[in-house]
>>> print(open('target.cif').read())   # mmCIF, C-alpha atoms
data_final
loop_
_atom_site.label_atom_id
_atom_site.label_comp_id
_atom_site.auth_asym_id
_atom_site.auth_seq_id
_atom_site.Cartn_x
_atom_site.Cartn_y
_atom_site.Cartn_z
CA MET V 1161 94.03 -86.15 78.62
CA ASN V 1162 93.05 -86.83 75.07
CA ARG V 1163 90.01 -84.59 75.38
CA PHE V 1164 92.12 -81.80 76.78
CA THR V 1165 94.58 -82.16 73.96
CA ILE V 1166 91.81 -82.09 71.37
CA LEU V 1167 90.20 -79.03 72.94
CA PHE V 1168 93.57 -77.30 73.15
CA GLY V 1169 94.25 -78.10 69.50
CA ILE V 1170 90.84 -76.77 68.48
CA LEU V 1171 91.46 -73.59 70.47
CA VAL V 1172 94.85 -73.09 68.85
CA MET V 1173 93.39 -73.62 65.38
CA PHE V 1174 90.57 -71.20 66.24
CA LEU V 1175 93.05 -68.54 67.28
CA LEU V 1176 95.28 -69.09 64.28
CA ALA V 1177 92.31 -68.94 61.90
CA GLY V 1178 91.58 -65.38 63.01
CA ILE V 1179 95.09 -64.00 62.44
CA ARG V 1180 95.38 -61.42 59.67
CA ILE V 1181 98.44 -59.47 58.50
CA ILE V 1182 97.61 -56.16 56.85
CA PHE V 1183 100.36 -54.51 54.79
CA GLU V 1184 101.18 -50.82 55.07
CA TYR V 1185 99.72 -49.99 51.64
CA LYS V 1186 96.39 -51.70 52.38
CA ARG V 1187 93.39 -51.25 54.65
CA ALA V 1188 90.89 -53.88 55.84
CA ILE V 1189 87.16 -53.25 56.11
CA LYS V 1190 85.87 -55.35 59.02
CA PHE V 1191 82.36 -56.85 59.05
CA ARG V 1192 80.57 -58.76 61.81
CA PHE V 1193 77.63 -60.83 60.67
CA GLY V 1194 77.71 -58.70 57.50
CA LYS V 1195 77.58 -55.40 59.37
CA TYR V 1196 80.40 -52.87 59.01
CA ILE V 1197 82.36 -52.49 62.27
CA LYS V 1198 85.50 -50.47 61.50
CA THR V 1199 88.52 -50.09 59.23
CA LEU V 1200 91.62 -52.00 60.34
CA ASN V 1201 94.99 -50.28 59.98
CA PRO V 1202 98.22 -52.04 58.90
CA GLY V 1203 99.85 -54.54 61.21
CA PHE V 1204 99.00 -57.74 63.06
CA ARG V 1205 95.23 -58.10 63.48
CA TRP V 1206 92.88 -60.75 64.77
CA ILE V 1207 89.24 -61.33 63.91
CA ILE V 1208 86.69 -63.80 65.24
CA PRO V 1209 86.65 -66.69 62.76
CA PHE V 1210 83.32 -67.49 61.06
CA ILE V 1211 81.74 -64.42 62.71
CA GLU V 1212 83.87 -61.59 61.39
CA THR V 1213 85.21 -61.09 57.87
CA ILE V 1214 87.40 -58.46 56.25
CA GLN V 1215 87.67 -56.99 52.79
CA ILE V 1216 91.11 -55.72 51.75
CA VAL V 1217 91.41 -52.39 49.91
CA ASP V 1218 94.61 -51.20 48.23
CA ILE V 1219 95.23 -47.49 48.87
CA ARG V 1220 98.18 -47.13 46.48
CA MET V 1221 98.00 -45.40 43.13
CA ILE V 1222 96.08 -47.71 40.80
CA THR V 1223 96.17 -47.62 37.00
CA PHE V 1224 94.08 -49.36 34.37
CA ASN V 1225 93.59 -49.02 30.66
CA ILE V 1226 90.54 -47.56 28.99
CA ASP V 1227 89.65 -50.01 26.25
CA SER V 1228 89.70 -48.65 22.72
CA GLN V 1229 86.49 -46.75 22.02
CA GLU V 1230 84.96 -46.12 18.60
CA VAL V 1231 84.35 -42.36 18.44
CA MET V 1232 82.78 -40.18 15.75
CA THR V 1233 84.31 -36.72 16.01
CA GLU V 1234 82.45 -33.47 15.42
CA ASP V 1235 83.79 -33.30 11.85
CA ASN V 1236 82.46 -36.84 11.17
CA VAL V 1237 85.78 -38.68 11.30
CA PRO V 1238 85.61 -42.21 12.80
CA CYS V 1239 88.53 -43.13 15.04
CA SER V 1240 89.47 -45.51 17.83
CA ILE V 1241 90.81 -43.92 21.01
CA ASP V 1242 92.16 -45.56 24.16
CA GLY V 1243 93.66 -44.17 27.35
CA VAL V 1244 94.73 -44.82 30.91
CA VAL V 1245 93.29 -43.74 34.27
CA PHE V 1246 95.25 -43.10 37.47
CA PHE V 1247 93.25 -43.12 40.71
CA LYS V 1248 93.71 -43.56 44.44
CA ILE V 1249 91.33 -44.54 47.26
CA TYR V 1250 91.38 -42.08 50.13
CA ASP V 1251 88.31 -43.44 51.96
CA PRO V 1252 88.33 -47.29 51.91
CA GLU V 1253 85.04 -47.52 53.80
CA ARG V 1254 83.07 -45.56 51.18
CA ALA V 1255 84.86 -47.30 48.30
CA VAL V 1256 83.50 -50.62 49.56
CA LEU V 1257 80.11 -49.59 50.93
CA GLU V 1258 79.02 -46.99 48.35
CA VAL V 1259 79.74 -48.81 45.09
CA GLU V 1260 79.93 -52.40 43.90
CA GLU V 1261 83.26 -53.21 42.23
CA TYR V 1262 84.64 -49.69 42.09
CA LYS V 1263 87.23 -50.60 39.45
CA PHE V 1264 84.55 -51.73 37.01
CA ALA V 1265 82.47 -48.63 37.80
CA ILE V 1266 85.40 -46.29 37.12
CA THR V 1267 86.14 -48.15 33.88
CA GLN V 1268 82.61 -47.63 32.63
CA LEU V 1269 82.62 -43.96 33.63
CA ALA V 1270 85.96 -43.36 31.90
CA GLN V 1271 84.81 -45.02 28.68
CA ALA V 1272 81.59 -43.01 28.57
CA ALA V 1273 83.43 -39.76 29.36
CA LEU V 1274 86.02 -40.43 26.65
CA ARG V 1275 83.34 -40.95 24.00
CA ASP V 1276 81.46 -37.88 25.19
CA VAL V 1277 84.45 -35.52 25.27
CA CYS V 1278 86.10 -36.66 22.03
CA GLY V 1279 82.79 -36.73 20.16
CA LYS V 1280 82.25 -33.00 20.76
CA VAL V 1281 85.51 -31.78 19.17
CA GLU V 1282 87.16 -32.04 15.77
CA LEU V 1283 89.91 -34.53 14.97
CA ASP V 1284 92.62 -31.84 14.82
CA THR V 1285 91.75 -30.81 18.38
CA ILE V 1286 92.07 -34.38 19.66
CA LEU V 1287 95.44 -34.82 17.94
CA SER V 1288 96.91 -31.52 19.09
CA LYS V 1289 95.35 -31.18 22.55
CA ARG V 1290 95.52 -34.61 24.14
CA GLU V 1291 96.42 -33.16 27.52
CA GLU V 1292 93.36 -30.93 27.51
CA MET V 1293 91.12 -33.84 26.45
CA GLY V 1294 92.49 -35.92 29.33
CA LYS V 1295 91.73 -33.15 31.82
CA ASN V 1296 88.16 -32.86 30.57
CA ILE V 1297 87.63 -36.61 30.94
CA LYS V 1298 89.15 -36.48 34.44
CA GLU V 1299 86.72 -33.74 35.53
CA ILE V 1300 83.71 -35.74 34.37
CA VAL V 1301 84.79 -38.97 36.08
CA GLU V 1302 85.86 -37.14 39.23
CA LEU V 1303 82.36 -35.74 39.80
CA GLU V 1304 81.02 -39.26 40.35
CA THR V 1305 83.95 -40.89 42.13
CA LYS V 1306 84.22 -38.27 44.89
CA GLU V 1307 81.12 -39.76 46.50
CA TRP V 1308 82.84 -43.16 46.53
CA GLY V 1309 85.95 -41.98 48.39
CA ILE V 1310 88.08 -42.24 45.24
CA GLU V 1311 90.33 -39.54 43.82
CA ILE V 1312 91.09 -39.46 40.10
CA ASN V 1313 94.67 -38.25 39.77
CA ASP V 1314 94.98 -38.14 36.00
CA VAL V 1315 93.59 -39.40 32.71
CA LYS V 1316 95.80 -39.75 29.64
CA ILE V 1317 94.88 -40.44 26.03
CA LYS V 1318 97.37 -43.01 24.80
CA ASP V 1319 96.65 -43.85 21.19
CA ILE V 1320 94.41 -42.63 18.37
CA GLN V 1321 93.79 -45.02 15.50
CA LEU V 1322 92.57 -43.47 12.24
CA PRO V 1323 91.18 -45.10 9.07
CA GLU V 1324 93.76 -45.87 6.39
CA ASN V 1325 92.35 -43.35 3.90
CA MET V 1326 92.43 -40.62 6.56
CA ARG V 1327 96.08 -41.42 7.29
CA ARG V 1328 96.95 -41.03 3.62
CA MET V 1329 95.13 -37.71 3.42
CA MET V 1330 96.90 -36.42 6.52
CA ALA V 1331 100.26 -37.56 5.11
CA ASN V 1332 99.54 -35.71 1.85
CA GLN V 1333 98.52 -32.63 3.80
CA ALA V 1334 101.72 -32.74 5.87
CA GLU V 1335 103.81 -33.19 2.71
CA ALA V 1336 102.10 -30.23 1.03
CA GLU V 1337 102.67 -28.10 4.13
CA ARG V 1338 106.38 -28.97 4.19
CA SER V 1339 106.64 -28.18 0.46
CA ARG V 1340 104.96 -24.79 1.04
CA ARG V 1341 107.38 -23.94 3.83
CA ALA V 1342 110.36 -24.98 1.71
CA ARG V 1343 109.23 -22.72 -1.14
CA ILE V 1344 108.73 -19.79 1.22
CA ILE V 1345 112.18 -20.29 2.74
CA LEU V 1346 113.75 -20.52 -0.73
CA ALA V 1347 111.98 -17.34 -1.86
CA LEU V 1348 113.14 -15.49 1.26
CA ALA V 1349 116.70 -16.69 0.62
CA GLU V 1350 116.57 -15.45 -2.98
CA GLU V 1351 115.22 -12.11 -1.80
CA GLN V 1352 117.98 -11.71 0.80
CA ALA V 1353 120.65 -12.81 -1.69
CA ALA V 1354 119.42 -10.31 -4.30
CA SER V 1355 119.46 -7.55 -1.71
CA LYS V 1356 123.02 -8.35 -0.68
CA LEU V 1357 124.17 -8.57 -4.32
CA LEU V 1358 122.63 -5.17 -4.99
CA GLU V 1359 124.51 -3.69 -2.03
CA ALA V 1360 127.73 -5.36 -3.15
CA GLY V 1361 127.28 -4.08 -6.71
CA LYS V 1362 126.83 -0.53 -5.46
CA LEU V 1363 130.03 -0.77 -3.38
CA ILE V 1364 132.05 -2.24 -6.25
CA ASP V 1365 130.75 0.37 -8.66
CA GLN V 1366 132.24 3.11 -6.49
CA SER V 1367 135.83 1.95 -7.09
CA PRO V 1368 137.46 0.92 -10.45
CA SER V 1369 140.10 -1.07 -8.58
CA ALA V 1370 137.40 -3.07 -6.88
CA ILE V 1371 136.02 -4.03 -10.29
CA LYS V 1372 139.44 -5.27 -11.35
CA LEU V 1373 139.96 -7.21 -8.14
CA ARG V 1374 136.62 -8.87 -8.62
CA LEU V 1375 137.57 -9.78 -12.18
CA TYR V 1376 140.86 -11.31 -11.03
CA GLN V 1377 139.07 -13.30 -8.33
CA THR V 1378 136.64 -14.66 -10.91
CA LEU V 1379 139.53 -15.66 -13.19
CA SER V 1380 141.26 -17.35 -10.26
CA ASN V 1381 138.17 -19.39 -9.50
CA ILE V 1382 137.88 -20.46 -13.14
CA ALA V 1383 141.56 -21.40 -13.35
CA VAL V 1384 141.27 -23.85 -10.44
CA GLU V 1385 139.82 -26.49 -12.78
CA LYS V 1386 142.91 -26.22 -15.09
CA ASN V 1387 140.88 -27.38 -18.06
CA SER V 1388 139.60 -24.12 -19.43
CA THR V 1389 140.98 -21.58 -21.85
CA ILE V 1390 140.00 -18.00 -21.09
CA LEU V 1391 139.75 -15.51 -23.94
CA PHE V 1392 139.26 -11.77 -23.51
CA PRO V 1393 137.49 -10.19 -26.48
CA PHE V 1394 138.65 -6.77 -25.30
CA PRO V 1395 141.57 -5.43 -23.29
CA GLU V 1396 141.20 -4.82 -19.57
CA GLU V 1397 141.60 -1.06 -20.05
CA VAL V 1398 138.21 -0.76 -21.71
CA LEU V 1399 136.36 -1.93 -18.56
CA PRO V 1400 133.90 0.71 -17.36
CA THR V 1401 135.24 3.11 -14.78
CA LYS V 1402 133.42 5.67 -12.74
CA LYS V 1403 134.04 9.16 -14.12
CA LYS V 1404 134.72 11.95 -11.78
CA LYS V 1405 132.12 14.66 -11.75
CA SER V 1406 133.35 17.94 -13.15
CA LYS V 1407 133.21 20.87 -10.82
#
>>> encode(input="target.cif", output="structure tokens")
Amino acid sequence: MNRFTILFGILVMFLLAGIRIIFEYKRAIKFRFGKYIKTLNPGFRWIIPFIETIQIVDIRMITFNIDSQEVMTEDNVPCSIDGVVFFKIYDPERAVLEVEEYKFAITQLAQAALRDVCGKVELDTILSKREEMGKNIKEIVELETKEWGIEINDVKIKDIQLPENMRRMMANQAEAERSRRARIILALAEEQAASKLLEAGKLIDQSPSAIKLRLYQTLSNIAVEKNSTILFPFPEEVLPTKKKKSK
């Protein structure tokens, strides 16, 4: 009886040791004596303990950071650039069998591609066309990872660190550009104002009453302060009037 109980207990432990639960967002690569057998789908699965093993692969969207890379741009400006990679495994078997530690491999590819792409363009291009730089890096990394059953969904450049002296120069450049625009806007405003004043002067000059009304309006504006004394050195009748042309 004791032997039967022991054997039954060993059998139960043997069966329990082979139970595996695979989640919906994962796949399991099954090996028997180190040889690939098949890919297990989600659900309740059982393997032969000590003989069969599995390696779990996550098939969800995976993200990881590209460590900051020291890059010398085409116009000889040193800068530190980092980014982020989004990828997804569509063939778990190849991701395990074709490459060792696919995450590390993608990291190295992304770092090398970032240095290569950003080193071939000027700093202004990197700052203004981050999206385009990310697409170029994605294309380079994607060429290698397709053979591993991995799809690169996107690559983004997150941050660009510049030397302190370069930041000051860019700030001065931006300030000078804003000053230039302000002067242009002010000059255009003066030009438009002068044009409108010229038109108004021509209209007022066509009517003597309009000249008087304008004079009264000016006096009214001056009198608002109530602290000024207005003196006329000549009577109102001597104001210039438009003479009628003789027939």
>>> atom_distance(input="target.cif", atom1="atom CA of Asn1236 of chain V", atom2="atom CA of Thr1267 of chain V")
25.6 Å
>>> resolve_selection(input="target.cif", expression="the PyMOL selection byres ((chain V and resi 1220) around 8)", output="list in words")
Tyr1185, Lys1186, Asp1218, Ile1219, Met1221, Ile1222, Lys1248 and Ile1249 of chain V
>>> residues_around(input="target.cif", residues="segment 1162-1172 of chain V", least_positions_apart="6", cutoff="12 Å", atoms="all atoms listed in the file", output="VMD selection string")
chain V and resid 1178 to 1179 1209
>>> atom_distance(input="target.cif", atom1="atom CA of Phe1204 of chain V", atom2="atom CA of Arg1187 of chain V")
12.0 Å
>>> resolve_selection(input="target.cif", expression="the PyMOL selection byres ((chain V and resi 1250-1264) around 10)", output="PyMOL selection string")
chain V and resi 1186-1190+1196+1198-1199+1215-1220+1222-1224+1247-1249+1265-1270+1305-1311
>>> write_last_selection(input="target.cif", atoms="C-alpha atoms", output="short mmCIF file (atom, residue, chain, number, x, y, z; two decimals), keeping the file's coordinate frame")
data_model
loop_
_atom_site.label_atom_id
_atom_site.label_comp_id
_atom_site.auth_asym_id
_atom_site.auth_seq_id
_atom_site.Cartn_x
_atom_site.Cartn_y
_atom_site.Cartn_z
CA LYS V 1186 96.39 -51.70 52.38
CA ARG V 1187 93.39 -51.25 54.65
CA ALA V 1188 90.89 -53.88 55.84
CA ILE V 1189 87.16 -53.25 56.11
CA LYS V 1190 85.87 -55.35 59.02
CA TYR V 1196 80.40 -52.87 59.01
CA LYS V 1198 85.50 -50.47 61.50
CA THR V 1199 88.52 -50.09 59.23
CA GLN V 1215 87.67 -56.99 52.79
CA ILE V 1216 91.11 -55.72 51.75
CA VAL V 1217 91.41 -52.39 49.91
CA ASP V 1218 94.61 -51.20 48.23
CA ILE V 1219 95.23 -47.49 48.87
CA ARG V 1220 98.18 -47.13 46.48
CA ILE V 1222 96.08 -47.71 40.80
CA THR V 1223 96.17 -47.62 37.00
CA PHE V 1224 94.08 -49.36 34.37
CA PHE V 1247 93.25 -43.12 40.71
CA LYS V 1248 93.71 -43.56 44.44
CA ILE V 1249 91.33 -44.54 47.26
CA ALA V 1265 82.47 -48.63 37.80
CA ILE V 1266 85.40 -46.29 37.12
CA THR V 1267 86.14 -48.15 33.88
CA GLN V 1268 82.61 -47.63 32.63
CA LEU V 1269 82.62 -43.96 33.63
CA ALA V 1270 85.96 -43.36 31.90
CA THR V 1305 83.95 -40.89 42.13
CA LYS V 1306 84.22 -38.27 44.89
CA GLU V 1307 81.12 -39.76 46.50
CA TRP V 1308 82.84 -43.16 46.53
CA GLY V 1309 85.95 -41.98 48.39
CA ILE V 1310 88.08 -42.24 45.24
CA GLU V 1311 90.33 -39.54 43.82
#
>>> atom_distance(input="target.cif", atom1="atom CA of Ile1317 of chain V", atom2="atom CA of Glu1335 of chain V")
26.0 Å
>>> residues_around(input="target.cif", residues="Glu1230 of chain V", least_positions_apart="2", cutoff="10 Å", atoms="all atoms listed in the file", output="list in words")
Asp1227, Ser1228, Met1232, Thr1233, Pro1238, Cys1239, Ser1240, Ile1241, Asp1242, Leu1274, Arg1275, Gly1279 and Gln1321 of chain V
>>> axis_aligned_box(input="target.cif", around="segment 1223-1226 of chain V", padding_each_side="6 Å", output="lines of an AutoDock Vina configuration file")
center_x = 93.4
center_y = -48.5
center_z = 33.0
size_x = 17.6
size_y = 13.8
size_z = 20.0
>>> decode(input="target.cif", residues="segment 1341-1357 of chain V", atoms="N, CA, C and O atoms", output="compact mmCIF listing (two decimals), in the first residue's frame")
# COMPACT_ATOMS: atom_id res chain seq x y z
N ARG V 1341 12.29 89.75 -38.11
CA ARG V 1341 10.87 89.69 -38.46
C ARG V 1341 10.09 90.86 -37.87
O ARG V 1341 9.20 91.42 -38.53
N ALA V 1342 10.45 91.24 -36.64
CA ALA V 1342 9.74 92.37 -36.01
C ALA V 1342 9.99 93.66 -36.77
O ALA V 1342 9.07 94.47 -36.98
N ARG V 1343 11.23 93.85 -37.24
CA ARG V 1343 11.54 95.07 -38.00
C ARG V 1343 10.80 95.09 -39.34
O ARG V 1343 10.33 96.13 -39.79
N ILE V 1344 10.72 93.93 -39.97
CA ILE V 1344 10.01 93.85 -41.25
C ILE V 1344 8.54 94.16 -41.06
O ILE V 1344 7.92 94.90 -41.84
N ILE V 1345 7.94 93.59 -40.01
CA ILE V 1345 6.52 93.83 -39.73
C ILE V 1345 6.29 95.31 -39.44
O ILE V 1345 5.31 95.91 -39.90
N LEU V 1346 7.19 95.92 -38.65
CA LEU V 1346 7.05 97.34 -38.32
C LEU V 1346 7.17 98.20 -39.58
O LEU V 1346 6.40 99.16 -39.76
N ALA V 1347 8.10 97.86 -40.45
CA ALA V 1347 8.26 98.62 -41.70
C ALA V 1347 7.03 98.49 -42.59
O ALA V 1347 6.58 99.48 -43.19
N LEU V 1348 6.48 97.27 -42.67
CA LEU V 1348 5.26 97.09 -43.46
C LEU V 1348 4.09 97.88 -42.87
O LEU V 1348 3.28 98.44 -43.61
N ALA V 1349 4.02 97.93 -41.54
CA ALA V 1349 2.95 98.70 -40.90
C ALA V 1349 3.09 100.20 -41.19
O ALA V 1349 2.10 100.89 -41.47
N GLU V 1350 4.33 100.69 -41.14
CA GLU V 1350 4.56 102.11 -41.45
C GLU V 1350 4.19 102.40 -42.90
O GLU V 1350 3.61 103.45 -43.22
N GLU V 1351 4.54 101.48 -43.79
CA GLU V 1351 4.22 101.68 -45.20
C GLU V 1351 2.71 101.72 -45.42
O GLU V 1351 2.18 102.58 -46.14
N GLN V 1352 1.99 100.78 -44.79
CA GLN V 1352 0.53 100.75 -44.95
C GLN V 1352 -0.11 101.98 -44.32
O GLN V 1352 -1.05 102.56 -44.88
N ALA V 1353 0.43 102.40 -43.14
CA ALA V 1353 -0.13 103.60 -42.49
C ALA V 1353 0.09 104.84 -43.35
O ALA V 1353 -0.81 105.69 -43.49
N ALA V 1354 1.28 104.97 -43.93
CA ALA V 1354 1.56 106.13 -44.78
C ALA V 1354 0.65 106.13 -46.00
O ALA V 1354 0.16 107.19 -46.44
N SER V 1355 0.40 104.97 -46.55
CA SER V 1355 -0.48 104.88 -47.71
C SER V 1355 -1.90 105.31 -47.37
O SER V 1355 -2.55 106.05 -48.11
N LYS V 1356 -2.38 104.85 -46.21
CA LYS V 1356 -3.73 105.22 -45.80
C LYS V 1356 -3.83 106.71 -45.47
O LYS V 1356 -4.84 107.36 -45.76
N LEU V 1357 -2.78 107.26 -44.83
CA LEU V 1357 -2.79 108.70 -44.53
C LEU V 1357 -2.80 109.53 -45.80
O LEU V 1357 -3.44 110.58 -45.88
